[in-house]
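Accompanying notes for the structure given below.
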Amino acid sequence: MLENNDSFEILKKHYHDGKLGHAFLFETDDSEKCLAKILDFFKLLNCEDEYSSECCKCNLCHLIVTQQLPNLIIIRPDGSFIKKEQIISLKNSLKTKPIFSKYNMYVIMNAEFLNASSANTMLKFLEEPEEKIIGFFVTNNKENVIDTIKSRCQVFSDYYSNSLFSSENIENDVVDYIKYLEVFKDETLIYNKNVLLPKIVDKNWLVCFFLKLIEIYEKIYENKIRKEVLPEEFNDLKFMLEYDVAFFDNRLNMLKNLLSTLDFNVSNQMILDRLVLESW
């Protein structure tokens with residue numbers, strides 16, 4: 001089950017699939033909670049043993065969580081801006097290969113405070129990344145981040161108040177969508193255009209939507225195999241328990257293939273319409 005902060009589940013999936021980028025911009029309504037999630041992700045990246053988000057016992061995890069690891073640099077605004085000198089110091093600190101961990105890591109807090117000078121100093125760092133360097137930019141409004149930085153990062157959202165990105169909201173949308181996809185088939189293309197597309201804030205939302213689709217199809221399939229009663233929130237999908245194994249195999253393969261195309265520059269409507277057409 002995806003937690004409230006689905007963006008980090010997506011990052012973890014990219015990491016395990018060998019598709020992890022090197023620079024990420026996170027828009028959030030709580031920068032410190034977002035930072036805590038980033039540090040937890042760094043623990044996963046550098047884990048030499050069996051990863052656990054609760055692990056703080058080993059020396060490496062302790063150094064990451066307490067922000068004392070030498071090759072983990074966290075930058076915050078110095079006065080009104082993040083200054084050029086801070087970025088130069090960051091670059092110098094990460095010139096050598098990591099010794100204590102697998103990656104050199106940095107986090108730029110309040111990335112909207114990068115001015116033209118400090119942002120330009122970051123550009124070559126972002127355009128020609130060295131191996132084993134990964135960085136995060138955190139902001140409360142991605143539109144305030146200089147375009148030259150934003151365009152070179154994968155952009156995610158990480159909200160903690162009620163929002164479109166909450167797991168509960170996406171689950172409700174997905175349950176409704178499955179009913180259209182499997183029952184009201186001829187109306188689903190119109191549903192895509194008039195109902196679902198206006199809800200899609202960015203590609204991240206659509207990725208969360210597909211992950212939740214896969215999760216629910218897998219859940220219903222597991223309940224069918226085990227002959228268990230579906231959870232109450234899936235009552236409207238009980239009819240699917242009558243479908244055979246081949247149906248679920250087909251749906252899950254189709255969804256996973258479509259999810260992989262979201263890494264490319266394909267329009268949201270094209271992806272959703274392809275989902276409908278392939279389901280037919």
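Naming works like this for the structure tokens: A, B, ... for the chains as they're shown, residue 1 at the start of each chain, ligands 1 onward in shown order.
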
Pick out each residue of segment 61-259 of chain A that DSSP on the backbone tags as alpha helix (DSSP H); I need them as a ChimeraX atom specification.
/A:61-65,84-93,116-127,147-150,167-182,188-191,203-226,245-259

For the residues in that selection, give me C-alpha atoms as a compact mmCIF listing (two decimals), in the first residue's frame.
# COMPACT_ATOMS: atom_id res chain seq x y z
CA CYS A 61 22.46 5.50 8.92
CA HIS A 62 23.15 7.45 12.09
CA LEU A 63 25.49 9.83 10.24
CA ILE A 64 22.91 10.38 7.49
CA VAL A 65 20.00 11.04 9.85
CA LYS A 84 27.40 31.58 -5.24
CA GLU A 85 30.08 30.88 -2.64
CA GLN A 86 27.86 28.23 -1.01
CA ILE A 87 27.51 26.40 -4.34
CA ILE A 88 31.25 26.60 -5.02
CA SER A 89 31.89 25.11 -1.59
CA LEU A 90 29.35 22.35 -2.34
CA LYS A 91 31.05 21.47 -5.62
CA ASN A 92 34.47 21.38 -3.98
CA SER A 93 33.19 19.14 -1.19
CA ALA A 116 21.06 33.99 -11.09
CA SER A 117 24.70 33.81 -9.98
CA SER A 118 24.36 30.77 -7.70
CA ALA A 119 22.05 29.02 -10.19
CA ASN A 120 24.55 29.49 -13.03
CA THR A 121 27.25 28.00 -10.82
CA MET A 122 25.05 24.89 -10.44
CA LEU A 123 24.42 24.45 -14.17
CA LYS A 124 27.55 22.56 -15.21
CA PHE A 125 27.17 20.45 -12.09
CA LEU A 126 23.68 19.48 -13.32
CA GLU A 127 24.47 19.26 -17.04
CA ASP A 147 13.95 27.74 -15.03
CA THR A 148 17.52 26.67 -15.79
CA ILE A 149 17.51 24.62 -12.58
CA LYS A 150 13.96 23.34 -12.88
CA SER A 167 -3.33 8.14 -1.32
CA GLU A 168 -7.01 8.19 -0.30
CA ASN A 169 -8.02 10.66 -3.03
CA ILE A 170 -6.14 8.77 -5.73
CA GLU A 171 -7.63 5.46 -4.57
CA ASN A 172 -11.16 6.87 -4.89
CA ASP A 173 -10.35 8.11 -8.39
CA VAL A 174 -8.91 4.73 -9.37
CA VAL A 175 -11.90 2.73 -8.09
CA ASP A 176 -14.24 4.97 -10.10
CA TYR A 177 -12.01 4.64 -13.14
CA ILE A 178 -11.91 0.84 -13.00
CA LYS A 179 -15.72 0.77 -13.00
CA TYR A 180 -15.71 2.76 -16.24
CA LEU A 181 -12.89 0.74 -17.75
CA GLU A 182 -14.53 -2.63 -17.04
CA THR A 188 -14.34 5.75 -20.80
CA LEU A 189 -12.72 7.89 -23.54
CA ILE A 190 -15.15 10.69 -22.69
CA TYR A 191 -14.47 10.13 -18.98
CA LYS A 203 3.18 13.49 -14.71
CA ASN A 204 3.87 12.57 -11.10
CA TRP A 205 0.12 12.43 -10.38
CA LEU A 206 -0.39 10.15 -13.36
CA VAL A 207 2.42 7.84 -12.23
CA CYS A 208 0.76 7.60 -8.79
CA PHE A 209 -2.53 6.86 -10.53
CA PHE A 210 -1.02 3.96 -12.51
CA LEU A 211 0.73 2.55 -9.45
CA LYS A 212 -2.57 2.58 -7.60
CA LEU A 213 -4.31 0.90 -10.56
CA ILE A 214 -1.74 -1.89 -10.45
CA GLU A 215 -2.06 -2.18 -6.68
CA ILE A 216 -5.86 -2.55 -6.78
CA TYR A 217 -5.88 -5.09 -9.62
CA GLU A 218 -3.27 -7.11 -7.69
CA LYS A 219 -5.32 -6.85 -4.49
CA ILE A 220 -8.50 -8.09 -6.15
CA TYR A 221 -6.57 -10.91 -7.83
CA GLU A 222 -5.07 -11.98 -4.47
CA ASN A 223 -8.53 -11.97 -2.85
CA LYS A 224 -9.89 -14.08 -5.70
CA ILE A 225 -7.09 -16.67 -5.35
CA ARG A 226 -7.48 -16.81 -1.57
CA VAL A 245 -6.59 -15.54 -14.11
CA ALA A 246 -5.86 -14.70 -17.75
CA PHE A 247 -7.82 -11.46 -17.39
CA PHE A 248 -5.73 -10.28 -14.44
CA ASP A 249 -2.47 -11.31 -16.13
CA ASN A 250 -3.47 -9.33 -19.19
CA ARG A 251 -4.49 -6.23 -17.22
CA LEU A 252 -1.38 -6.19 -15.03
CA ASN A 253 0.99 -6.65 -17.98
CA MET A 254 -0.80 -3.89 -19.88
CA LEU A 255 -0.66 -1.47 -16.92
CA LYS A 256 3.01 -2.14 -16.20
CA ASN A 257 3.92 -1.63 -19.85
CA LEU A 258 2.02 1.65 -19.97
CA LEU A 259 3.61 2.77 -16.70

Among segment 72-221 of chain A, which ones does DSSP assign to strand (DSSP E) (computed from the backbone)? Answer as a ChimeraX atom specification.
/A:72-75,104-108,133-139,154-158

I'd like the contact shell of Asn268 of chain A - 9 Å cut-off, only C-alpha atoms, skipping same-chain residues fewer than 3 positions apart - returned as a list in words.
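With the cut-off at 9 Å, the set is Leu197, Ile200, Asp202, Lys203, Leu206, Leu262, Ile271, Leu272 and Asp273 of chain A.
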